[in-house]
Amino acid sequence: MNKINGYTEEEAIGLIEYVYTGKNAGKTLSYLFEKYGEEHNRAKGSVRNYYYAFLKKQDDSRVRRILEGKDLKAGSIQPFTEEETEELLETVVEGRKKGYSVRRSILEASGGDEKRMLRMQNKYRNLLKKQPERVEKAEREAGVTPAPFLQKRLEREIDALYARIAADLRRENEALRAELEKLKGEA
């Protein structure tokens with residue numbers, strides 16, 4: 001079987017045609033990756049990763065042939081520098097200190113540039129997910145209450161704990177009732 005980065009050549013052609021047709025119909029890449037994944041029993045992230053890896057494999061003549069005549073490109077990834085990350089964090093914390101939402105703070109910082117705003121939002125989400133202590137520290141130092149995301153996460157965890165405890169108590173009560181009924185029947 002002739003494979004390109006783990007997909008058969010036929011699968012690669014199918015994905016590229018699917019994306020090309022979908023983009024021409026005005027669909028977003030995110031939507032196309034999700035739908036293709038559902039239709040082909042693949043994870044959306046896996047489809048996305050394959051697509052970008054495929055586009056970057058321009059040294060392969062099969063890839064060039066499959067992409068011929070299609071205007072599909074992968075922009076280069078621009079990682080945040082430590083200075084940009086710190087500036088983003090300061091911007092969001094300062095905005096939150098003024099009572100702004102994270103989204104509004106980022107919108108203002110991006111100057112209305114949608115691509116920049118999306119990039120900043122994704123970086124901030126990444127910070128919340130992978131470095132929550134860094135975000136909490138910056139907020140604490142600025143005197144800002146915890147971000148709603150972190151508070152909601154904590155509330156969900158507490159609710160889940162209560163639900164587990166309640167379920168355990170219900171089972172224990174049912175067992176005790178059954179035992180009581182059994183004892184009443186023997187008396």
# chains A, B, ... in the order shown; residues from 1 in each chain; ligands from 1
>>> select_by_dssp(residues="stretch 46-114 of chain A", states="helix (DSSP H, G or I)", output="VMD selection string")
chain A and resid 46 to 55 61 to 67 82 to 97 102 to 110 114
>>> write_last_selection(atoms="C-alpha atoms", output="PDB file, in the first residue's frame")
ATOM      1  CA  SER A  46      -5.817  13.961  13.791  1.00  0.00           C
ATOM      2  CA  VAL A  47      -7.334  15.099  10.488  1.00  0.00           C
ATOM      3  CA  ARG A  48      -6.094  18.656  11.073  1.00  0.00           C
ATOM      4  CA  ASN A  49      -2.583  17.485  11.931  1.00  0.00           C
ATOM      5  CA  TYR A  50      -2.446  15.227   8.885  1.00  0.00           C
ATOM      6  CA  TYR A  51      -3.688  17.996   6.589  1.00  0.00           C
ATOM      7  CA  TYR A  52      -1.006  20.458   7.713  1.00  0.00           C
ATOM      8  CA  ALA A  53       1.746  17.832   7.649  1.00  0.00           C
ATOM      9  CA  PHE A  54       0.631  16.887   4.132  1.00  0.00           C
ATOM     10  CA  LEU A  55       0.750  20.503   2.891  1.00  0.00           C
ATOM     11  CA  SER A  61       6.117  14.576  -6.070  1.00  0.00           C
ATOM     12  CA  ARG A  62       2.882  12.752  -5.136  1.00  0.00           C
ATOM     13  CA  VAL A  63       1.942  15.594  -2.785  1.00  0.00           C
ATOM     14  CA  ARG A  64       2.682  18.209  -5.451  1.00  0.00           C
ATOM     15  CA  ARG A  65       0.556  16.246  -7.951  1.00  0.00           C
ATOM     16  CA  ILE A  66      -2.389  15.959  -5.523  1.00  0.00           C
ATOM     17  CA  LEU A  67      -2.226  19.677  -4.690  1.00  0.00           C
ATOM     18  CA  GLU A  82       8.128  34.812  26.329  1.00  0.00           C
ATOM     19  CA  GLU A  83       7.844  38.603  26.058  1.00  0.00           C
ATOM     20  CA  GLU A  84       4.652  38.340  23.957  1.00  0.00           C
ATOM     21  CA  THR A  85       3.194  35.832  26.405  1.00  0.00           C
ATOM     22  CA  GLU A  86       3.923  38.092  29.362  1.00  0.00           C
ATOM     23  CA  GLU A  87       2.511  41.111  27.510  1.00  0.00           C
ATOM     24  CA  LEU A  88      -0.667  39.176  26.672  1.00  0.00           C
ATOM     25  CA  LEU A  89      -1.083  38.097  30.273  1.00  0.00           C
ATOM     26  CA  GLU A  90      -0.563  41.675  31.521  1.00  0.00           C
ATOM     27  CA  THR A  91      -3.048  43.005  28.957  1.00  0.00           C
ATOM     28  CA  VAL A  92      -5.756  40.551  29.982  1.00  0.00           C
ATOM     29  CA  VAL A  93      -5.161  41.075  33.709  1.00  0.00           C
ATOM     30  CA  GLU A  94      -5.227  44.867  33.307  1.00  0.00           C
ATOM     31  CA  GLY A  95      -8.445  44.598  31.301  1.00  0.00           C
ATOM     32  CA  ARG A  96     -10.026  42.341  33.918  1.00  0.00           C
ATOM     33  CA  LYS A  97      -8.946  44.814  36.586  1.00  0.00           C
ATOM     34  CA  VAL A 102     -10.993  38.465  28.631  1.00  0.00           C
ATOM     35  CA  ARG A 103     -12.462  38.607  25.127  1.00  0.00           C
ATOM     36  CA  ARG A 104     -12.857  42.391  25.215  1.00  0.00           C
ATOM     37  CA  SER A 105      -9.320  42.844  26.562  1.00  0.00           C
ATOM     38  CA  ILE A 106      -7.930  40.729  23.742  1.00  0.00           C
ATOM     39  CA  LEU A 107     -10.097  42.463  21.118  1.00  0.00           C
ATOM     40  CA  GLU A 108      -8.755  45.853  22.178  1.00  0.00           C
ATOM     41  CA  ALA A 109      -5.168  44.582  22.332  1.00  0.00           C
ATOM     42  CA  SER A 110      -5.464  43.110  18.832  1.00  0.00           C
ATOM     43  CA  GLU A 114      -9.215  39.074  13.665  1.00  0.00           C
TER      44      GLU A 114
END
>>> atom_distance(atom1="atom CA of A:Asp71", atom2="atom CA of A:Leu29")
13.6 Å
